[in-house]
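J.: Got a structure for you, target03.cif, holding mmCIF, C-alpha atoms, pLDDT in the B column; chains and numbers go by the auth columns.
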data_entry
#
loop_
_atom_site.group_PDB
_atom_site.id
_atom_site.type_symbol
_atom_site.label_atom_id
_atom_site.label_comp_id
_atom_site.label_asym_id
_atom_site.label_seq_id
_atom_site.Cartn_x
_atom_site.Cartn_y
_atom_site.Cartn_z
_atom_site.B_iso_or_equiv
_atom_site.auth_seq_id
_atom_site.auth_asym_id
ATOM 1 C CA MET A 1 83.129 -25.737 67.611 93.00 279 Q
ATOM 2 C CA ARG A 2 86.068 -24.087 65.884 92.00 280 Q
ATOM 3 C CA SER A 3 87.785 -27.429 65.353 91.00 281 Q
ATOM 4 C CA VAL A 4 84.882 -28.810 63.302 91.00 282 Q
ATOM 5 C CA VAL A 5 83.342 -25.710 61.693 94.00 283 Q
ATOM 6 C CA GLU A 6 85.039 -26.019 58.299 93.00 284 Q
ATOM 7 C CA ALA A 7 84.263 -29.716 57.825 93.00 285 Q
ATOM 8 C CA SER A 8 80.715 -29.291 59.051 92.00 286 Q
ATOM 9 C CA LEU A 9 79.925 -26.304 56.859 94.00 287 Q
ATOM 10 C CA ALA A 10 81.589 -27.902 53.827 92.00 288 Q
ATOM 11 C CA ALA A 11 78.890 -30.587 54.015 90.00 289 Q
ATOM 12 C CA SER A 12 75.972 -28.516 55.272 93.00 290 Q
ATOM 13 C CA TYR A 13 76.602 -25.127 53.647 95.00 291 Q
ATOM 14 C CA PRO A 14 78.583 -25.880 50.465 93.00 292 Q
ATOM 15 C CA PRO A 15 80.368 -23.133 48.533 95.00 293 Q
ATOM 16 C CA VAL A 16 77.735 -23.143 45.766 95.00 294 Q
ATOM 17 C CA LEU A 17 75.267 -21.691 48.304 95.00 295 Q
ATOM 18 C CA ARG A 18 77.599 -19.041 49.709 96.00 296 Q
ATOM 19 C CA GLY A 19 76.838 -16.354 47.107 93.00 297 Q
ATOM 20 C CA ASP A 20 75.455 -14.045 49.773 93.00 298 Q
ATOM 21 C CA GLU A 21 78.676 -13.622 51.737 95.00 299 Q
ATOM 22 C CA ALA A 22 77.102 -11.591 54.537 96.00 300 Q
ATOM 23 C CA ARG A 23 74.437 -14.262 55.074 95.00 301 Q
ATOM 24 C CA PHE A 24 77.080 -16.989 55.195 96.00 302 Q
ATOM 25 C CA ARG A 25 79.329 -15.060 57.599 96.00 303 Q
ATOM 26 C CA ALA A 26 76.375 -14.406 59.918 96.00 304 Q
ATOM 27 C CA PHE A 27 75.356 -18.068 59.834 96.00 305 Q
ATOM 28 C CA ARG A 28 78.934 -19.227 60.460 96.00 306 Q
ATOM 29 C CA ALA A 29 79.189 -16.861 63.448 97.00 307 Q
ATOM 30 C CA ARG A 30 75.911 -18.213 64.888 95.00 308 Q
ATOM 31 C CA TRP A 31 77.102 -21.781 64.295 95.00 309 Q
ATOM 32 C CA LEU A 32 80.359 -21.058 66.112 96.00 310 Q
ATOM 33 C CA GLY A 33 78.297 -19.674 69.007 96.00 311 Q
ATOM 34 C CA ASN A 34 76.834 -23.114 69.717 94.00 312 Q
ATOM 35 C CA ASP A 35 77.628 -24.491 73.131 95.00 313 Q
ATOM 36 C CA PRO A 36 79.810 -27.540 72.375 94.00 314 Q
ATOM 37 C CA SER A 37 78.259 -29.664 75.137 95.00 315 Q
ATOM 38 C CA SER A 38 74.728 -28.875 74.007 95.00 316 Q
ATOM 39 C CA PHE A 39 75.650 -29.470 70.369 91.00 317 Q
ATOM 40 C CA ALA A 40 77.101 -32.872 71.268 92.00 318 Q
ATOM 41 C CA ALA A 41 74.036 -33.789 73.355 94.00 319 Q
ATOM 42 C CA ILE A 42 71.648 -32.879 70.525 91.00 320 Q
ATOM 43 C CA SER A 43 73.767 -34.820 68.041 89.00 321 Q
ATOM 44 C CA ARG A 44 73.711 -37.912 70.275 92.00 322 Q
ATOM 45 C CA MET A 45 69.948 -37.604 70.735 92.00 323 Q
ATOM 46 C CA LEU A 46 69.328 -37.298 66.998 88.00 324 Q
ATOM 47 C CA ALA A 47 71.659 -40.198 66.210 89.00 325 Q
ATOM 48 C CA ASP A 48 69.543 -42.464 68.422 84.00 326 Q
ATOM 49 C CA THR A 49 66.158 -41.231 67.169 87.00 327 Q
ATOM 50 C CA GLU A 50 64.195 -43.760 65.145 88.00 328 Q
ATOM 51 C CA MET A 51 61.091 -42.354 63.451 88.00 329 Q
ATOM 52 C CA ASP A 52 60.593 -44.660 60.456 88.00 330 Q
ATOM 53 C CA GLY A 53 57.610 -46.346 62.064 90.00 331 Q
ATOM 54 C CA ASP A 54 55.916 -43.027 62.760 94.00 332 Q
ATOM 55 C CA PHE A 55 55.733 -41.601 59.241 96.00 333 Q
ATOM 56 C CA ALA A 56 52.792 -43.758 58.118 96.00 334 Q
ATOM 57 C CA ARG A 57 50.712 -42.411 61.025 96.00 335 Q
ATOM 58 C CA ILE A 58 50.865 -38.805 59.784 96.00 336 Q
ATOM 59 C CA ARG A 59 47.394 -37.796 58.597 95.00 337 Q
ATOM 60 C CA CYS A 60 47.691 -34.069 57.932 96.00 338 Q
ATOM 61 C CA PRO A 61 48.773 -32.519 54.628 97.00 339 Q
ATOM 62 C CA THR A 62 52.548 -32.763 54.502 98.00 340 Q
ATOM 63 C CA LEU A 63 55.230 -31.194 52.359 98.00 341 Q
ATOM 64 C CA VAL A 64 58.617 -32.893 52.315 98.00 342 Q
ATOM 65 C CA ILE A 65 61.422 -30.799 50.813 98.00 343 Q
ATOM 66 C CA ALA A 66 64.919 -31.938 49.925 97.00 344 Q
ATOM 67 C CA GLY A 67 67.815 -29.844 48.705 97.00 345 Q
ATOM 68 C CA THR A 68 69.921 -30.646 45.666 96.00 346 Q
ATOM 69 C CA HIS A 69 73.037 -29.477 47.525 96.00 347 Q
ATOM 70 C CA ASP A 70 72.275 -31.129 50.878 95.00 348 Q
ATOM 71 C CA ARG A 71 75.156 -33.508 51.502 93.00 349 Q
ATOM 72 C CA LEU A 72 73.950 -34.486 54.976 92.00 350 Q
ATOM 73 C CA ARG A 73 70.398 -35.408 53.979 93.00 351 Q
ATOM 74 C CA PRO A 74 70.413 -35.670 50.166 96.00 352 Q
ATOM 75 C CA PRO A 75 67.209 -36.118 48.140 97.00 353 Q
ATOM 76 C CA GLU A 76 67.723 -39.864 47.826 97.00 354 Q
ATOM 77 C CA ALA A 77 67.697 -40.115 51.633 95.00 355 Q
ATOM 78 C CA VAL A 78 64.634 -37.877 52.022 96.00 356 Q
ATOM 79 C CA GLU A 79 62.430 -39.363 49.303 97.00 357 Q
ATOM 80 C CA PRO A 80 61.677 -42.577 51.251 96.00 358 Q
ATOM 81 C CA ILE A 81 60.340 -40.402 54.074 96.00 359 Q
ATOM 82 C CA ALA A 82 58.008 -38.612 51.664 97.00 360 Q
ATOM 83 C CA ARG A 83 56.823 -41.969 50.278 97.00 361 Q
ATOM 84 C CA ALA A 84 56.161 -43.251 53.804 97.00 362 Q
ATOM 85 C CA ILE A 85 53.811 -40.360 54.646 97.00 363 Q
ATOM 86 C CA PRO A 86 50.344 -40.915 53.169 97.00 364 Q
ATOM 87 C CA GLY A 87 49.608 -38.290 50.521 95.00 365 Q
ATOM 88 C CA ALA A 88 52.759 -36.283 51.175 97.00 366 Q
ATOM 89 C CA ARG A 89 53.909 -33.811 48.550 97.00 367 Q
ATOM 90 C CA TRP A 90 57.556 -34.226 47.588 97.00 368 Q
ATOM 91 C CA ARG A 91 59.710 -31.368 46.293 97.00 369 Q
ATOM 92 C CA VAL A 92 63.396 -31.112 45.493 98.00 370 Q
ATOM 93 C CA ILE A 93 64.655 -27.563 45.298 97.00 371 Q
ATOM 94 C CA GLU A 94 67.985 -25.894 44.623 96.00 372 Q
ATOM 95 C CA THR A 95 69.155 -25.538 48.217 96.00 373 Q
ATOM 96 C CA GLY A 96 71.128 -27.214 50.975 95.00 374 Q
ATOM 97 C CA TYR A 97 70.819 -28.549 54.494 96.00 375 Q
ATOM 98 C CA PHE A 98 70.020 -25.196 56.124 96.00 376 Q
ATOM 99 C CA MET A 99 67.526 -24.346 53.393 96.00 377 Q
ATOM 100 C CA ALA A 100 65.553 -21.649 55.200 95.00 378 Q
ATOM 101 C CA VAL A 101 68.789 -19.711 55.767 95.00 379 Q
ATOM 102 C CA GLN A 102 70.567 -20.538 52.520 96.00 380 Q
ATOM 103 C CA THR A 103 67.698 -19.988 50.082 95.00 381 Q
ATOM 104 C CA PRO A 104 64.729 -18.468 51.911 96.00 382 Q
ATOM 105 C CA GLN A 105 62.791 -17.420 48.803 96.00 383 Q
ATOM 106 C CA PRO A 106 62.675 -20.829 47.062 97.00 384 Q
ATOM 107 C CA VAL A 107 61.690 -22.410 50.376 97.00 385 Q
ATOM 108 C CA ALA A 108 58.940 -19.830 50.884 98.00 386 Q
ATOM 109 C CA ASP A 109 57.788 -20.364 47.284 97.00 387 Q
ATOM 110 C CA ALA A 110 57.572 -24.140 47.801 97.00 388 Q
ATOM 111 C CA ILE A 111 55.615 -23.713 51.035 97.00 389 Q
ATOM 112 C CA THR A 112 53.300 -21.110 49.484 97.00 390 Q
ATOM 113 C CA ALA A 113 52.585 -23.398 46.505 97.00 391 Q
ATOM 114 C CA PHE A 114 51.913 -26.298 48.872 97.00 392 Q
ATOM 115 C CA LEU A 115 49.510 -24.240 50.955 97.00 393 Q
ATOM 116 C CA ALA A 116 47.673 -23.178 47.778 97.00 394 Q
ATOM 117 C CA GLU A 117 47.470 -26.851 46.691 95.00 395 Q
ATOM 118 C CA ILE A 118 45.814 -27.854 49.933 94.00 396 Q
ATOM 119 C CA GLY A 119 43.518 -24.836 49.991 92.00 397 Q
ATOM 120 C CA CYS A 120 45.057 -22.768 52.767 86.00 398 Q
#
Is it possible to express this structure as structure tokens?
T.:
Amino acid sequence: MRSVVEASLAASYPPVLRGDEARFRAFRARWLGNDPSSFAAISRMLADTEMDGDFARIRCPTLVIAGTHDRLRPPEAVEPIARAIPGARWRVIETGYFMAVQTPQPVADAITAFLAEIGC
């Protein structure tokens, strides 16, 4: 994990989102704690997962969020997913790949607004 941490976090947790140094250090430490074999197995599984055909079958209210600073799954890669889900709400917020860790309040605000929109 140590051999790839800097390259991985440069793409998934860019410097612009590292303003809370303690939060970043804690996340980096957790990331380094990943079991390399498990991490590799999950990565292989996700690389082979094909879900494009499943999105149109989603029938519940859905919020799809993309982050402006997400270099692994940028908004232009996420928007087609939102369009494929019938009635999905699409939001782009100022965040990154690990949005719930990097910017918890904007994520919570987006979810809260979505829940209010759908009457929950």
J.: May I ask for the distance between CA of Arg349 (chain Q) and CA of Leu287 (chain Q), given in Å to one decimal place?
T.: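 Computing it gives 10.2 Å between the two atoms.
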J.: Which is closest to Ala334 (chain Q) among Q:Cys398, Q:Ala360, Q:Ala386, Q:Val283, if we use all atoms listed in the file?
T.: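 Under the stated criterion, the closest residue is Q:Ala360.
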J.: I need the output of the PyMOL selection byres ((chain Q and resi 297-314) around 9) for this file as a list in words; which residues are they?
T.: Met279, Arg280, Val283, Leu287, Tyr291, Pro293, Val294, Leu295, Arg296, Ser315, Ser316, Phe317, Ala318, Ala319, Val379 and Gln380 of chain Q
J.: Using CA of Asp330 (chain Q) and CA of Ala394 (chain Q) as the two end points, give the distance in Å to one decimal.
T.: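 CA of Ala394 (chain Q) lies 28.1 Å from CA of Asp330 (chain Q).
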J.: The PyMOL selection byres ((chain Q and resi 341) around 6) on the file shown: which residues, as number ranges by chain?
T.: Q: 340, 342, 366-367
J.: Only all heavy atoms needed: put region 283-294 of chain Q from the block into a file as an mmCIF file, in the first residue's frame.
T.:
data_model
loop_
_atom_site.group_PDB
_atom_site.id
_atom_site.type_symbol
_atom_site.label_atom_id
_atom_site.label_comp_id
_atom_site.auth_asym_id
_atom_site.auth_seq_id
_atom_site.Cartn_x
_atom_site.Cartn_y
_atom_site.Cartn_z
ATOM 1 N N VAL Q 283 0.446 4.725 -2.356
ATOM 2 C CA VAL Q 283 -0.392 5.681 -1.625
ATOM 3 C C VAL Q 283 -0.340 7.078 -2.227
ATOM 4 O O VAL Q 283 -1.378 7.722 -2.402
ATOM 5 C CB VAL Q 283 -0.056 5.711 -0.119
ATOM 6 C CG1 VAL Q 283 1.329 6.277 0.157
ATOM 7 C CG2 VAL Q 283 -1.116 6.508 0.629
ATOM 8 N N GLU Q 284 0.823 7.578 -2.560
ATOM 9 C CA GLU Q 284 0.914 8.961 -3.048
ATOM 10 C C GLU Q 284 0.212 9.131 -4.385
ATOM 11 O O GLU Q 284 -0.548 10.084 -4.581
ATOM 12 C CB GLU Q 284 2.372 9.417 -3.126
ATOM 13 C CG GLU Q 284 3.068 9.466 -1.775
ATOM 14 C CD GLU Q 284 2.296 10.189 -0.674
ATOM 15 O OE1 GLU Q 284 1.641 11.217 -0.949
ATOM 16 O OE2 GLU Q 284 2.346 9.718 0.482
ATOM 17 N N ALA Q 285 0.427 8.208 -5.308
ATOM 18 C CA ALA Q 285 -0.236 8.308 -6.618
ATOM 19 C C ALA Q 285 -1.741 8.144 -6.475
ATOM 20 O O ALA Q 285 -2.518 8.869 -7.122
ATOM 21 C CB ALA Q 285 0.327 7.256 -7.573
ATOM 22 N N SER Q 286 -2.156 7.227 -5.647
ATOM 23 C CA SER Q 286 -3.588 6.999 -5.466
ATOM 24 C C SER Q 286 -4.269 8.216 -4.852
ATOM 25 O O SER Q 286 -5.312 8.665 -5.330
ATOM 26 C CB SER Q 286 -3.825 5.767 -4.606
ATOM 27 O OG SER Q 286 -5.206 5.575 -4.418
ATOM 28 N N LEU Q 287 -3.697 8.753 -3.792
ATOM 29 C CA LEU Q 287 -4.324 9.886 -3.126
ATOM 30 C C LEU Q 287 -4.200 11.172 -3.932
ATOM 31 O O LEU Q 287 -5.032 12.066 -3.796
ATOM 32 C CB LEU Q 287 -3.776 10.058 -1.709
ATOM 33 C CG LEU Q 287 -4.118 8.920 -0.749
ATOM 34 C CD1 LEU Q 287 -3.596 9.219 0.650
ATOM 35 C CD2 LEU Q 287 -5.606 8.631 -0.720
ATOM 36 N N ALA Q 288 -3.218 11.282 -4.804
ATOM 37 C CA ALA Q 288 -3.130 12.451 -5.677
ATOM 38 C C ALA Q 288 -4.354 12.520 -6.586
ATOM 39 O O ALA Q 288 -4.865 13.605 -6.876
ATOM 40 C CB ALA Q 288 -1.853 12.396 -6.514
ATOM 41 N N ALA Q 289 -4.852 11.363 -7.004
ATOM 42 C CA ALA Q 289 -6.028 11.313 -7.876
ATOM 43 C C ALA Q 289 -7.329 11.306 -7.091
ATOM 44 O O ALA Q 289 -8.320 11.887 -7.516
ATOM 45 C CB ALA Q 289 -5.963 10.073 -8.769
ATOM 46 N N SER Q 290 -7.341 10.660 -5.945
ATOM 47 C CA SER Q 290 -8.603 10.487 -5.218
ATOM 48 C C SER Q 290 -8.808 11.484 -4.081
ATOM 49 O O SER Q 290 -9.939 11.703 -3.643
ATOM 50 C CB SER Q 290 -8.684 9.066 -4.661
ATOM 51 O OG SER Q 290 -7.621 8.827 -3.747
ATOM 52 N N TYR Q 291 -7.741 12.087 -3.609
ATOM 53 C CA TYR Q 291 -7.838 13.049 -2.501
ATOM 54 C C TYR Q 291 -6.867 14.187 -2.821
ATOM 55 O O TYR Q 291 -5.834 14.346 -2.181
ATOM 56 C CB TYR Q 291 -7.458 12.368 -1.192
ATOM 57 C CG TYR Q 291 -8.088 12.944 0.058
ATOM 58 C CD1 TYR Q 291 -8.719 12.105 0.965
ATOM 59 C CD2 TYR Q 291 -8.033 14.301 0.350
ATOM 60 C CE1 TYR Q 291 -9.280 12.609 2.135
ATOM 61 C CE2 TYR Q 291 -8.594 14.808 1.507
ATOM 62 C CZ TYR Q 291 -9.217 13.958 2.392
ATOM 63 O OH TYR Q 291 -9.772 14.454 3.548
ATOM 64 N N PRO Q 292 -7.201 14.996 -3.841
ATOM 65 C CA PRO Q 292 -6.270 16.021 -4.324
ATOM 66 C C PRO Q 292 -5.980 17.094 -3.276
ATOM 67 O O PRO Q 292 -6.773 17.310 -2.351
ATOM 68 C CB PRO Q 292 -6.980 16.606 -5.544
ATOM 69 C CG PRO Q 292 -8.423 16.340 -5.322
ATOM 70 C CD PRO Q 292 -8.474 15.039 -4.554
ATOM 71 N N PRO Q 293 -4.854 17.765 -3.417
ATOM 72 C CA PRO Q 293 -4.450 18.779 -2.439
ATOM 73 C C PRO Q 293 -5.513 19.846 -2.151
ATOM 74 O O PRO Q 293 -5.615 20.311 -1.011
ATOM 75 C CB PRO Q 293 -3.203 19.409 -3.073
ATOM 76 C CG PRO Q 293 -2.625 18.294 -3.888
ATOM 77 C CD PRO Q 293 -3.820 17.553 -4.435
ATOM 78 N N VAL Q 294 -6.315 20.206 -3.114
ATOM 79 C CA VAL Q 294 -7.342 21.229 -2.904
ATOM 80 C C VAL Q 294 -8.343 20.823 -1.823
ATOM 81 O O VAL Q 294 -8.978 21.680 -1.210
ATOM 82 C CB VAL Q 294 -8.055 21.573 -4.240
ATOM 83 C CG1 VAL Q 294 -8.901 20.406 -4.726
ATOM 84 C CG2 VAL Q 294 -8.890 22.830 -4.115
#
